[in-house]
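Asker: The structure file work.csv (CSV, C-alpha atoms) is provided below.
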chain,number,residue,atom,x,y,z
A,1,MET,CA,93.5,114.5,160.1
A,2,ALA,CA,89.8,114.2,160.6
A,3,ALA,CA,88.0,110.9,160.9
A,4,PRO,CA,86.1,109.7,157.8
A,5,VAL,CA,82.4,110.6,157.4
A,6,VAL,CA,79.8,108.2,156.0
A,7,THR,CA,76.8,109.9,154.4
A,8,SER,CA,74.9,107.1,152.6
A,9,ILE,CA,75.0,103.5,151.4
A,10,ALA,CA,73.5,101.5,148.6
A,11,PRO,CA,71.8,99.1,148.8
A,12,THR,CA,70.5,99.4,152.3
A,13,THR,CA,69.3,95.8,152.7
A,14,GLY,CA,70.5,92.3,152.0
A,15,PRO,CA,70.4,88.6,153.2
A,16,SER,CA,71.5,87.7,156.7
A,17,GLY,CA,74.0,85.3,155.2
A,18,GLY,CA,76.1,88.2,153.9
A,19,GLY,CA,77.7,88.6,150.5
A,20,THR,CA,75.9,91.8,149.5
A,21,ILE,CA,78.1,94.3,147.6
A,22,VAL,CA,77.5,97.7,149.2
A,23,THR,CA,78.8,101.0,148.0
A,24,VAL,CA,79.5,103.4,150.9
A,25,THR,CA,79.6,107.1,150.1
A,26,GLY,CA,81.1,109.9,152.2
A,27,THR,CA,84.5,111.6,152.6
A,28,GLY,CA,88.0,110.9,153.9
A,29,PHE,CA,88.0,107.2,152.7
A,30,THR,CA,91.6,107.3,151.3
A,31,GLY,CA,93.6,104.5,153.1
A,32,ALA,CA,90.5,102.9,154.5
A,33,ILE,CA,91.3,99.6,156.3
A,34,ALA,CA,87.9,98.4,157.3
A,35,VAL,CA,84.1,98.8,156.9
A,36,GLY,CA,81.9,97.9,159.8
A,37,PHE,CA,78.4,96.6,159.6
A,38,GLY,CA,77.2,96.8,163.2
A,39,SER,CA,79.7,94.9,165.3
A,40,ALA,CA,81.3,92.9,162.4
A,41,ASP,CA,83.6,94.1,159.7
A,42,ALA,CA,83.4,93.4,156.0
A,43,ALA,CA,85.6,90.5,154.9
A,44,ASN,CA,86.5,92.4,151.7
A,45,ILE,CA,86.7,96.1,150.8
A,46,ALA,CA,87.9,98.1,147.8
A,47,VAL,CA,88.6,101.8,148.0
A,48,ALA,CA,87.3,103.4,144.8
A,49,SER,CA,88.1,107.0,145.7
A,50,ASP,CA,88.3,109.3,148.7
A,51,THR,CA,84.5,109.5,148.6
A,52,GLN,CA,83.6,105.9,147.9
A,53,VAL,CA,84.4,102.5,149.1
A,54,ILE,CA,82.9,99.1,148.1
A,55,ALA,CA,82.4,96.4,150.7
A,56,VAL,CA,81.0,92.9,151.0
A,57,THR,CA,78.6,92.5,153.9
A,58,PRO,CA,79.5,89.9,156.6
A,59,PRO,CA,76.8,87.6,158.0
A,60,GLY,CA,74.5,89.4,160.4
A,61,THR,CA,71.0,90.0,161.7
A,62,GLY,CA,68.8,93.1,162.4
A,63,ILE,CA,70.1,96.6,161.6
A,64,GLY,CA,73.7,97.5,161.7
A,65,ASN,CA,75.3,100.9,161.5
A,66,VAL,CA,77.8,101.2,158.6
A,67,THR,CA,81.1,102.8,159.5
A,68,VAL,CA,84.5,103.3,157.8
A,69,VAL,CA,87.8,102.9,159.6
A,70,THR,CA,91.0,104.7,158.4
A,71,PRO,CA,94.3,105.4,160.2
A,72,ASP,CA,92.6,108.6,161.4
A,73,GLY,CA,89.8,106.8,163.2
A,74,ARG,CA,86.3,105.3,162.7
A,75,SER,CA,83.5,107.4,161.3
A,76,ALA,CA,80.6,108.5,163.5
A,77,ILE,CA,77.3,106.6,163.4
A,78,ASN,CA,74.9,108.1,160.9
A,79,ALA,CA,71.2,107.0,161.0
A,80,ALA,CA,71.1,107.5,157.2
A,81,ALA,CA,73.7,104.8,156.7
A,82,GLN,CA,72.2,101.7,158.3
A,83,PHE,CA,72.2,98.2,156.7
A,84,THR,CA,69.2,95.9,157.4
A,85,TYR,CA,69.7,92.2,157.2
A,86,SER,CA,66.6,90.4,155.8
A,87,VAL,CA,65.3,87.2,157.3
A,88,PRO,CA,65.5,84.3,154.9
A,89,ALA,CA,62.1,83.0,153.6
A,90,SER,CA,60.9,79.8,155.1
A,91,ALA,CA,61.4,76.6,153.1
A,92,ALA,CA,57.7,76.3,152.6
A,93,SER,CA,57.3,79.7,150.9
A,94,ALA,CA,58.4,80.4,147.3
A,95,PRO,CA,61.6,82.4,147.1
A,96,ALA,CA,61.6,85.9,145.8
A,97,TYR,CA,64.5,85.0,143.6
A,98,PHE,CA,67.1,82.2,143.3
A,99,VAL,CA,70.5,82.8,144.9
A,100,ASP,CA,73.3,80.9,143.3
A,101,PRO,CA,74.7,78.7,146.1
A,102,ALA,CA,78.1,78.6,144.3
A,103,LEU,CA,78.4,82.4,144.5
A,104,THR,CA,80.1,82.8,147.9
A,105,SER,CA,81.2,86.0,149.6
A,106,THR,CA,84.8,85.0,149.0
A,107,ILE,CA,84.2,84.9,145.2
A,108,VAL,CA,82.4,88.2,145.3
A,109,GLY,CA,85.3,89.7,147.4
A,110,SER,CA,87.8,88.5,144.9
A,111,LEU,CA,85.8,90.0,142.1
A,112,VAL,CA,85.6,93.4,143.9
A,113,ASN,CA,89.3,93.4,144.3
A,114,MET,CA,89.9,92.6,140.6
A,115,VAL,CA,87.4,95.3,139.5
A,116,ASN,CA,89.3,97.8,141.6
A,117,SER,CA,92.8,96.8,140.4
A,118,ALA,CA,92.6,95.3,136.9
A,119,THR,CA,94.7,97.1,134.3
A,120,SER,CA,96.2,94.7,131.8
A,121,PRO,CA,94.1,93.4,128.8
A,122,ASP,CA,94.1,89.9,130.2
A,123,PHE,CA,92.7,91.0,133.5
A,124,VAL,CA,90.1,93.2,131.8
A,125,GLU,CA,88.9,90.2,129.8
A,126,ALA,CA,88.8,88.1,133.0
A,127,GLN,CA,86.8,90.9,134.6
A,128,ASN,CA,84.3,90.7,131.7
A,129,ILE,CA,83.9,87.0,132.1
A,130,LEU,CA,83.3,87.2,135.8
A,131,MET,CA,80.8,90.0,135.4
A,132,ARG,CA,78.9,88.0,132.9
A,133,ARG,CA,78.9,85.0,135.2
A,134,LEU,CA,77.7,87.2,138.1
A,135,ALA,CA,75.0,89.0,136.2
A,136,LEU,CA,73.6,86.1,134.1
A,137,GLU,CA,73.9,83.2,136.6
A,138,GLY,CA,74.4,84.7,140.0
A,139,ASP,CA,72.3,86.7,142.5
A,140,VAL,CA,73.1,90.2,141.2
A,141,VAL,CA,70.3,89.8,138.7
A,142,GLY,CA,67.8,87.4,140.5
A,143,SER,CA,66.0,84.8,138.4
A,144,ARG,CA,62.5,85.9,137.4
A,145,VAL,CA,61.2,82.4,138.1
A,146,PRO,CA,62.3,79.7,140.6
A,147,PRO,CA,64.8,77.2,139.2
A,148,PRO,CA,63.3,74.1,137.7
A,149,ARG,CA,62.8,71.3,140.2
A,150,ASN,CA,62.9,68.3,137.8
A,151,ILE,CA,63.6,67.2,134.3
A,152,THR,CA,60.0,67.8,133.3
A,153,GLU,CA,60.2,71.5,134.2
A,154,ILE,CA,63.5,71.8,132.5
A,155,GLY,CA,62.0,70.3,129.3
A,156,GLY,CA,59.1,72.8,129.6
A,157,TYR,CA,61.5,75.7,129.7
A,158,LEU,CA,63.4,74.4,126.7
A,159,ASN,CA,60.3,73.8,124.7
A,160,LEU,CA,59.1,77.3,125.5
A,161,LEU,CA,62.3,78.8,124.1
A,162,ASP,CA,61.9,76.7,121.0
A,163,THR,CA,58.4,78.0,120.6
A,164,LEU,CA,59.6,81.6,121.1
A,165,LYS,CA,62.3,81.0,118.5
A,166,GLU,CA,65.1,81.9,120.9
A,167,PRO,CA,67.9,79.4,119.9
A,168,ALA,CA,70.7,81.5,121.5
A,169,MET,CA,68.8,81.6,124.8
A,170,ARG,CA,68.2,77.9,124.6
A,171,GLU,CA,71.9,77.3,124.1
A,172,GLN,CA,72.7,79.5,127.1
A,173,THR,CA,70.2,77.4,129.2
A,174,LEU,CA,71.7,74.1,128.2
A,175,ALA,CA,75.2,75.5,128.9
A,176,GLY,CA,74.1,76.5,132.4
A,177,ILE,CA,72.7,73.0,133.0
A,178,LEU,CA,75.8,71.3,131.8
A,179,GLY,CA,78.2,73.7,133.4
A,180,VAL,CA,80.0,74.5,130.2
A,181,ALA,CA,80.7,77.8,128.3
A,182,GLY,CA,77.6,79.2,126.6
A,183,PRO,CA,77.2,81.0,123.2
A,184,SER,CA,79.7,83.7,122.3
A,185,PRO,CA,79.1,86.5,122.8
A,186,ALA,CA,77.2,85.7,126.0
A,187,LEU,CA,73.6,86.8,126.0
A,188,GLY,CA,73.1,90.3,127.4
A,189,PHE,CA,76.7,91.2,126.8
A,190,ALA,CA,76.9,91.6,123.0
A,191,SER,CA,79.6,94.1,122.3
A,192,THR,CA,78.5,97.6,121.2
A,193,THR,CA,81.7,98.0,119.2
A,194,THR,CA,82.9,96.5,116.0
A,195,PRO,CA,86.4,96.0,114.7
A,196,LEU,CA,85.8,98.5,111.9
A,197,SER,CA,83.5,101.5,111.3
A,198,MET,CA,82.4,103.9,108.6
A,199,VAL,CA,84.2,107.2,109.1
A,200,SER,CA,82.7,110.5,107.9
A,201,LEU,CA,85.2,112.5,105.9
A,202,VAL,CA,84.9,116.0,104.5
A,203,ASN,CA,84.1,115.6,100.8
A,204,ASP,CA,86.2,117.1,98.0
A,205,ARG,CA,83.5,119.4,96.6
A,206,PRO,CA,84.7,121.4,93.6
A,207,PRO,CA,83.1,124.8,92.8
A,208,GLY,CA,80.6,124.8,90.0
A,209,ALA,CA,77.0,124.1,89.1
A,210,ALA,CA,77.1,120.6,90.7
A,211,GLN,CA,78.5,121.7,94.0
A,212,PRO,CA,75.2,122.2,95.9
A,213,SER,CA,74.1,118.7,95.2
A,214,ILE,CA,77.4,117.0,96.2
A,215,PRO,CA,77.4,115.8,99.9
A,216,VAL,CA,79.4,117.8,102.3
A,217,ASN,CA,80.6,114.6,104.0
A,218,VAL,CA,81.0,111.0,102.8
A,219,LEU,CA,81.5,107.7,104.5
A,220,VAL,CA,84.7,105.6,104.1
A,221,ARG,CA,85.5,102.4,105.9
A,222,SER,CA,88.0,103.0,108.7
A,223,ASP,CA,90.7,100.8,107.3
A,224,PHE,CA,90.5,102.5,103.9
A,225,VAL,CA,90.5,106.1,105.2
A,226,ALA,CA,94.3,106.7,104.9
A,227,ALA,CA,94.5,105.3,101.4
A,228,VAL,CA,91.6,107.4,100.2
A,229,GLN,CA,93.0,110.6,101.8
A,230,ALA,CA,96.3,109.9,100.1
A,231,ALA,CA,94.5,109.6,96.7
A,232,VAL,CA,92.8,112.9,97.3
A,233,LYS,CA,96.2,114.5,98.1
A,234,ASN,CA,97.7,113.1,94.9
A,235,LEU,CA,94.9,114.6,92.8
A,236,HIS,CA,95.2,117.9,94.5
A,237,ALA,CA,98.9,118.0,93.6
A,238,ASN,CA,97.7,117.6,89.9
A,239,GLY,CA,95.2,120.4,90.3
A,240,ALA,CA,92.3,118.0,90.3
A,241,THR,CA,89.6,116.9,92.8
A,242,LEU,CA,87.8,113.7,93.8
A,243,PRO,CA,84.1,114.5,94.5
A,244,LEU,CA,82.3,111.4,96.0
A,245,THR,CA,78.8,110.6,97.0
A,246,GLY,CA,76.9,108.2,99.3
A,247,PRO,CA,74.3,108.0,102.1
A,248,ALA,CA,74.8,109.4,105.6
A,249,VAL,CA,74.6,105.9,107.1
A,250,ILE,CA,74.9,102.3,105.8
A,251,THR,CA,71.8,100.3,106.8
A,252,LEU,CA,71.4,96.6,106.2
A,253,PRO,CA,68.3,95.6,104.2
A,254,LYS,CA,65.6,94.1,106.4
A,255,GLY,CA,65.0,90.4,106.4
A,256,GLY,CA,61.8,88.4,106.6
A,257,PRO,CA,59.5,86.8,104.1
A,258,GLY,CA,60.3,87.7,100.6
A,259,SER,CA,63.7,89.3,101.3
A,260,THR,CA,66.4,88.6,98.7
A,261,MET,CA,70.2,88.9,98.6
A,262,PRO,CA,71.1,92.5,97.5
A,263,VAL,CA,72.9,92.7,94.2
A,264,ASN,CA,75.7,95.0,95.5
A,265,VAL,CA,76.9,93.1,98.6
A,266,LEU,CA,80.2,94.9,98.8
A,267,TYR,CA,78.4,98.2,99.4
A,268,TYR,CA,77.1,96.8,102.7
A,269,LEU,CA,80.6,95.8,103.6
A,270,GLY,CA,81.9,99.3,103.2
A,271,ARG,CA,83.9,98.2,100.2
A,272,THR,CA,82.6,100.6,97.5
A,273,LEU,CA,83.6,104.1,96.6
A,274,SER,CA,81.1,106.1,94.5
A,275,LEU,CA,82.1,109.1,92.4
A,276,ALA,CA,79.6,112.0,92.3
A,277,PRO,CA,77.8,111.4,89.0
A,278,GLN,CA,76.6,115.1,88.9
A,279,ALA,CA,80.2,116.2,88.6
A,280,ALA,CA,80.5,114.8,85.1
A,281,LEU,CA,78.9,114.4,81.6
A,282,ALA,CA,77.4,118.0,81.5
A,283,ASN,CA,80.4,119.9,80.1
A,284,PRO,CA,83.6,117.9,80.0
A,285,ALA,CA,85.7,121.0,79.5
A,286,THR,CA,84.8,122.4,82.9
A,287,ASP,CA,83.2,119.4,84.9
A,288,ALA,CA,85.3,118.1,87.8
A,289,LEU,CA,85.1,114.6,86.3
A,290,ALA,CA,85.0,113.4,82.8
A,291,LEU,CA,84.9,110.2,80.8
A,292,ILE,CA,87.7,110.5,78.2
A,293,ARG,CA,90.0,108.7,75.8
A,294,LYS,CA,92.9,110.0,73.6
A,295,THR,CA,91.8,111.5,70.3
A,296,GLY,CA,92.0,109.1,67.4
A,297,THR,CA,91.7,105.9,69.4
A,298,SER,CA,88.8,103.5,69.9
A,299,ASP,CA,89.7,102.8,73.5
A,300,PRO,CA,86.9,102.6,76.1
A,301,PHE,CA,86.2,105.9,77.8
A,302,ALA,CA,87.8,106.0,81.3
A,303,VAL,CA,87.0,108.3,84.1
A,304,ALA,CA,89.5,111.1,84.9
A,305,ALA,CA,89.6,114.2,87.1
A,306,ASN,CA,89.8,117.6,85.3
A,307,ALA,CA,93.0,119.3,86.3
A,308,ILE,CA,91.7,122.9,86.2
A,309,ASN,CA,93.1,124.2,89.5
A,310,PRO,CA,96.6,125.4,90.4
A,311,ALA,CA,99.0,122.4,90.6
A,312,THR,CA,102.3,121.6,92.2
A,313,THR,CA,102.7,118.6,89.9
A,314,PRO,CA,101.0,119.7,86.7
A,315,VAL,CA,99.4,117.2,84.3
A,316,THR,CA,100.7,117.3,80.7
A,317,PRO,CA,97.9,118.7,78.4
A,318,GLY,CA,96.6,116.5,75.6
A,319,ASN,CA,93.8,116.1,73.0
A,320,TYR,CA,90.9,113.9,74.1
A,321,ASP,CA,87.5,112.7,73.1
A,322,ALA,CA,85.0,113.0,76.0
A,323,VAL,CA,81.5,111.9,76.7
A,324,GLU,CA,78.7,114.5,77.0
A,325,ALA,CA,75.3,113.2,78.0
A,326,THR,CA,71.7,114.0,78.9
A,327,PRO,CA,69.1,111.8,80.4
A,328,THR,CA,68.2,110.5,77.0
A,329,THR,CA,71.3,111.0,74.8
A,330,LYS,CA,75.1,110.6,74.6
A,331,THR,CA,77.5,112.4,72.3
A,332,THR,CA,81.3,112.6,71.9
A,333,VAL,CA,83.0,116.0,72.0
A,334,ALA,CA,86.6,116.9,71.2
A,335,LEU,CA,88.8,118.6,73.7
A,336,THR,CA,92.1,120.2,72.7
A,337,GLY,CA,95.0,120.9,75.1
A,338,ALA,CA,93.0,119.7,78.1
A,339,SER,CA,94.6,118.4,81.3
A,340,PHE,CA,93.2,115.3,82.9
A,341,ALA,CA,94.4,113.1,85.8
A,342,PRO,CA,93.3,109.5,85.1
A,343,LEU,CA,91.5,108.2,88.3
A,344,ALA,CA,92.1,104.4,87.8
A,345,PRO,CA,95.8,104.5,88.7
A,346,VAL,CA,95.2,106.8,91.7
A,347,LEU,CA,92.3,104.7,93.1
A,348,ASN,CA,93.9,101.4,92.3
A,349,ALA,CA,96.8,102.5,94.5
A,350,ALA,CA,94.2,103.0,97.3
A,351,GLY,CA,92.8,99.5,96.7
A,352,PHE,CA,89.7,100.5,94.6
A,353,TYR,CA,89.1,99.1,91.1
A,354,GLN,CA,86.6,99.0,88.3
A,355,PRO,CA,85.8,96.1,86.0
A,356,SER,CA,88.0,95.8,82.8
A,357,PRO,CA,86.9,97.3,80.5
A,358,PRO,CA,85.3,100.1,82.5
A,359,PRO,CA,81.5,100.6,82.3
A,360,GLN,CA,80.4,102.9,79.5
A,361,PRO,CA,77.4,105.1,80.2
A,362,ALA,CA,74.4,105.1,77.8
A,363,ASN,CA,73.1,108.5,79.2
A,364,SER,CA,73.6,110.7,82.2
A,365,LEU,CA,71.3,108.5,84.3
A,366,ASP,CA,73.6,105.5,83.8
A,367,THR,CA,76.0,105.7,86.8
A,368,ALA,CA,77.7,102.3,86.7
A,369,TRP,CA,80.9,104.2,85.7
A,370,THR,CA,81.0,105.9,89.1
A,371,GLN,CA,81.6,102.7,91.1
A,372,PHE,CA,84.9,101.5,92.4
A,373,THR,CA,85.2,98.4,94.7
A,374,ASN,CA,87.8,97.2,97.1
A,375,ILE,CA,88.2,93.5,97.6
A,376,THR,CA,91.5,93.7,99.6
A,377,GLY,CA,91.6,90.7,102.0
A,378,LEU,CA,88.7,88.7,100.4
A,379,VAL,CA,90.1,85.2,99.7
A,380,ALA,CA,88.2,83.2,97.1
A,381,GLY,CA,86.9,79.9,98.6
A,382,HIS,CA,87.7,81.0,102.2
A,383,THR,CA,86.2,84.4,103.2
A,384,MET,CA,82.7,84.0,104.6
A,385,LEU,CA,80.0,86.7,104.3
A,386,GLY,CA,79.1,86.5,108.0
A,387,ASP,CA,82.7,87.3,109.0
A,388,GLU,CA,82.8,90.3,106.8
A,389,LEU,CA,79.5,91.7,108.0
A,390,GLU,CA,80.6,91.4,111.6
A,391,LEU,CA,83.5,93.8,110.9
A,392,LEU,CA,80.9,96.6,110.6
A,393,HIS,CA,77.5,95.5,112.0
A,394,GLN,CA,76.1,94.3,115.3
A,395,PRO,CA,75.1,90.6,115.5
A,396,ASP,CA,71.5,91.4,116.2
A,397,VAL,CA,71.3,93.8,113.2
A,398,ILE,CA,72.8,91.1,111.0
A,399,ALA,CA,70.3,88.5,112.3
A,400,ALA,CA,67.4,90.8,111.4
A,401,SER,CA,68.7,91.5,107.9
A,402,ALA,CA,68.3,90.0,104.5
A,403,PHE,CA,71.8,88.5,104.9
A,404,ALA,CA,70.8,86.3,107.9
A,405,ALA,CA,70.3,83.1,106.0
A,406,LEU,CA,73.4,83.7,103.8
A,407,LEU,CA,76.1,84.2,106.4
A,408,ASP,CA,77.9,80.9,105.4
A,409,THR,CA,78.2,81.9,101.8
A,410,VAL,CA,81.8,82.2,100.6
A,411,TRP,CA,83.6,84.7,98.4
A,412,ASN,CA,84.2,83.2,94.9
A,413,GLY,CA,86.2,86.0,93.5
A,414,THR,CA,83.2,87.9,92.2
A,415,THR,CA,80.5,87.6,94.9
A,416,PHE,CA,79.4,85.6,97.9
A,417,ALA,CA,77.7,82.3,96.9
Produce structure tokens that represent the structure in this file.
Answerer:
Amino acid sequence: MAAPVVTSIAPTTGPSGGGTIVTVTGTGFTGAIAVGFGSADAANIAVASDTQVIAVTPPGTGIGNVTVVTPDGRSAINAAAQFTYSVPASAASAPAYFVDPALTSTIVGSLVNMVNSATSPDFVEAQNILMRRLALEGDVVGSRVPPPRNITEIGGYLNLLDTLKEPAMREQTLAGILGVAGPSPALGFASTTTPLSMVSLVNDRPPGAAQPSIPVNVLVRSDFVAAVQAAVKNLHANGATLPLTGPAVITLPKGGPGSTMPVNVLYYLGRTLSLAPQAALANPATDALALIRKTGTSDPFAVAANAINPATTPVTPGNYDAVEATPTTKTTVALTGASFAPLAPVLNAAGFYQPSPPPQPANSLDTAWTQFTNITGLVAGHTMLGDELELLHQPDVIAASAFAALLDTVWNGTTFA
């Protein structure tokens, strides 16, 4: 077998005291047992692949040729792979950046080994903690200003953070001074993922005059997707459809002076399902949706899906009164031998409900009847708005929204107050 070949390194410079993490690139690194920096070998190495190995520089001076040793031999010297040890600045001059004295090469070496071998969830979490410590408080990301020399300078920094309205950064600073855990999540490492998400589903768009205006896709919260899909499947078995509507993305209302609590908070929590209003009230005999009640009763009109398609589980026909409306008027029409699948039982099984009695439209512009909400898991007197928002939205987005000052409000069975 051929000896390994080193083609490049990064970075190419570091302090003479050692401890710099260097990525060595080349070929034939599988089984590497040492990485040399001049006449000294790295104290810790981790083989990332056959073409890359990570090493921690030993103490040294001047310029050292970087070589890799495997059972097949040591790589040849390559002028393009030389590491230069920098001379420490004198005590009288201002340091370019502050090096954490507690961050020893041993700690860095242990970190490199963990990064290379971590597999279990516990190890991955430990990996994240160490990487935060390294980046935020170590010498991987050097301080932009020298460390404060006395309590007066510390106070100046804290006062500055107050002035800049950076409470989280101030907490992190105090935590660093006291040597305790800082805010969670740590600054600079806010997670880009949330426990839940809004999933785009292909909409149930029935043919007809309303079809062009009904969205092709609709958003459903990820933990409700399976139940909604089951509801659609049940309606299809009846020969009916479930056309929905909604925006392409849910955006929290902006905060700031004059901002107020939105009326429909559950919408921003992904807890609403909106029927497509254009699929009803024009012609109840052919519309995909209709507001109906049995003929001869005074019951409130309830939304139902028109079973006008082939069905594996046909709906028993009946006689109904139905609502027909324009932007200014509402009338009641009689339907004989019509087949409708009531939506309330189907959507209730999926966790979505309407108020009782259901809203009654005054005209075709009145769309309150289209709204179904899901309050599964909301415990009155216990569930906080902030906890619910964090299931879907990033902390920085929430902090900039109209909900920022209302995160401690609690669900009372109807709303957050």
Asker: Quick one: of A:Gly337, A:Gly386, A:Gly73, A:Pro300, who's nearest to A:Gln360, counting only C-alpha atoms?
Answerer: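 The shortest atom-to-atom distance to A:Gln360 comes from A:Pro300.
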Asker: Identify the residues within 12 Å of coordinate (67.7, 87.6, 164.4) (same frame as the file), considering all atoms listed in the file, and give the answer as a ChimeraX atom specification.
Answerer: /A:15-17,59-64,84-88
Asker: Counting only C-alpha atoms, figure out which residue out of A:Phe416, A:Phe83, A:Phe29, A:Trp369 gets nearest to A:Pro277.
Answerer: A:Trp369
Asker: With all atoms listed in the file as the atoms that count, which of A:Ala2, A:Ala240, A:Ala305, A:Leu281 lies nearest to A:Ala344?
Answerer: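 Nearest candidate to A:Ala344 out of A:Ala2, A:Ala240, A:Ala305, A:Leu281: A:Ala305.
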Asker: From the set A:Ala417, A:Val202, A:Gly36, A:Ala322, which residue has the shortest atom-to-atom contact distance to A:Val303, counting only C-alpha atoms?
Answerer: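 Ranked by minimum distance to A:Val303, first place goes to A:Ala322.
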Asker: Would you mind listing what lies within 12 Å of A:Pro253 as an mmCIF file with C-alpha atoms, in the coordinates of the input, with all atoms listed in the file counted and same-chain residues fewer than 2 positions away left out?
Answerer:
data_model
loop_
_atom_site.group_PDB
_atom_site.id
_atom_site.type_symbol
_atom_site.label_atom_id
_atom_site.label_comp_id
_atom_site.auth_asym_id
_atom_site.auth_seq_id
_atom_site.Cartn_x
_atom_site.Cartn_y
_atom_site.Cartn_z
ATOM 1 C CA ILE A 250 74.900 102.300 105.800
ATOM 2 C CA THR A 251 71.800 100.300 106.800
ATOM 3 C CA GLY A 255 65.000 90.400 106.400
ATOM 4 C CA GLY A 256 61.800 88.400 106.600
ATOM 5 C CA GLY A 258 60.300 87.700 100.600
ATOM 6 C CA SER A 259 63.700 89.300 101.300
ATOM 7 C CA THR A 260 66.400 88.600 98.700
ATOM 8 C CA MET A 261 70.200 88.900 98.600
ATOM 9 C CA PRO A 262 71.100 92.500 97.500
ATOM 10 C CA VAL A 263 72.900 92.700 94.200
ATOM 11 C CA ASN A 264 75.700 95.000 95.500
ATOM 12 C CA VAL A 265 76.900 93.100 98.600
ATOM 13 C CA TYR A 267 78.400 98.200 99.400
ATOM 14 C CA TYR A 268 77.100 96.800 102.700
ATOM 15 C CA VAL A 397 71.300 93.800 113.200
ATOM 16 C CA ILE A 398 72.800 91.100 111.000
ATOM 17 C CA ALA A 399 70.300 88.500 112.300
ATOM 18 C CA ALA A 400 67.400 90.800 111.400
ATOM 19 C CA SER A 401 68.700 91.500 107.900
ATOM 20 C CA ALA A 402 68.300 90.000 104.500
ATOM 21 C CA PHE A 403 71.800 88.500 104.900
ATOM 22 C CA ALA A 404 70.800 86.300 107.900
#
Asker: Please, which residues are within 9 Å of (82.6, 110.3, 93.1) by the file's coordinates, counting all atoms listed in the file, and could they come as a ChimeraX atom specification?
Answerer: /A:242-246,273-279,289,370-371
Asker: Which residues, written as a PDB file with C-alpha atoms, in the coordinates of the input, have at least one atom at most 7 Å from A:Pro358, with all atoms listed in the file counted and residues fewer than 3 positions away on the same chain left out?
Answerer:
ATOM      1  CA  ALA A 302      87.800 106.000  81.300  1.00  0.00           C
ATOM      2  CA  GLN A 354      86.600  99.000  88.300  1.00  0.00           C
ATOM      3  CA  PRO A 355      85.800  96.100  86.000  1.00  0.00           C
ATOM      4  CA  TRP A 369      80.900 104.200  85.700  1.00  0.00           C
TER       5      TRP A 369
END
Asker: Quick check, in Å to one decimal: how far apart do atom CA of A:Val216 and atom CA of A:Asn203 lie?
Answerer: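 Those two atoms sit 5.4 Å apart.
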Asker: Which residue gives the smallest distance to A:Thr286 among A:Leu235, A:Ala168, A:Ala307, A:Val220, with all atoms listed in the file counted?
Answerer: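 So, comparing all the options, the nearest one is A:Ala307.
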Asker: Provide the atom CA of A:Arg205 to atom CA of A:Pro247 distance in Å, to one decimal place.
Answerer: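 That distance, rounded to one decimal, is 15.6 Å.
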Asker: Calculated over all atoms listed in the file, which of the candidates A:Ala43, A:Ala282, A:Gln394, A:Thr376 has the smallest distance to A:Ala210?
Answerer: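 Among the listed residues, A:Ala282 lies closest to A:Ala210.
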Asker: Could you work out an axis-aligned bounding box for all listed atoms of stretch 61-66 of chain A, with 8 Å added on each of the six sides, and give its centre and edge lengths in Å to one decimal, as lines of an AutoDock Vina configuration file?
Answerer:
center_x = 73.3
center_y = 95.6
center_z = 160.5
size_x = 25.0
size_y = 27.2
size_z = 19.8
Asker: Need to verify the contact set: A:Ala334, 7 Å, all atoms listed in the file, exclusion of same-chain residues closer than 2 positions in sequence. Can you return it as a PyMOL selection string?
Answerer: chain A and resi 320-322+332+336
Asker: With C-alpha atoms retained, export the selected residues as a PDB file, in the coordinates of the input.
Answerer:
ATOM      1  CA  TYR A 320      90.900 113.900  74.100  1.00  0.00           C
ATOM      2  CA  ASP A 321      87.500 112.700  73.100  1.00  0.00           C
ATOM      3  CA  ALA A 322      85.000 113.000  76.000  1.00  0.00           C
ATOM      4  CA  THR A 332      81.300 112.600  71.900  1.00  0.00           C
ATOM      5  CA  THR A 336      92.100 120.200  72.700  1.00  0.00           C
TER       6      THR A 336
END
Asker: Quick one: pull the distance between atom CA of A:Thr13 and atom CA of A:Val56, Å, one decimal.
Answerer: 12.2 Å
Asker: Within 10 Å of A:Ala248, counting only C-alpha atoms, which residues qualify if same-chain residues fewer than 3 places away don't, as a PyMOL selection string?
Answerer: chain A and resi 198+200+215+217-219+245+251
Asker: Generate the output file for the selected residues, C-alpha atoms, as a short mmCIF file (atom, residue, chain, number, x, y, z; two decimals), in the frame of the given file.
Answerer:
data_model
loop_
_atom_site.label_atom_id
_atom_site.label_comp_id
_atom_site.auth_asym_id
_atom_site.auth_seq_id
_atom_site.Cartn_x
_atom_site.Cartn_y
_atom_site.Cartn_z
CA MET A 198 82.40 103.90 108.60
CA SER A 200 82.70 110.50 107.90
CA PRO A 215 77.40 115.80 99.90
CA ASN A 217 80.60 114.60 104.00
CA VAL A 218 81.00 111.00 102.80
CA LEU A 219 81.50 107.70 104.50
CA THR A 245 78.80 110.60 97.00
CA THR A 251 71.80 100.30 106.80
#
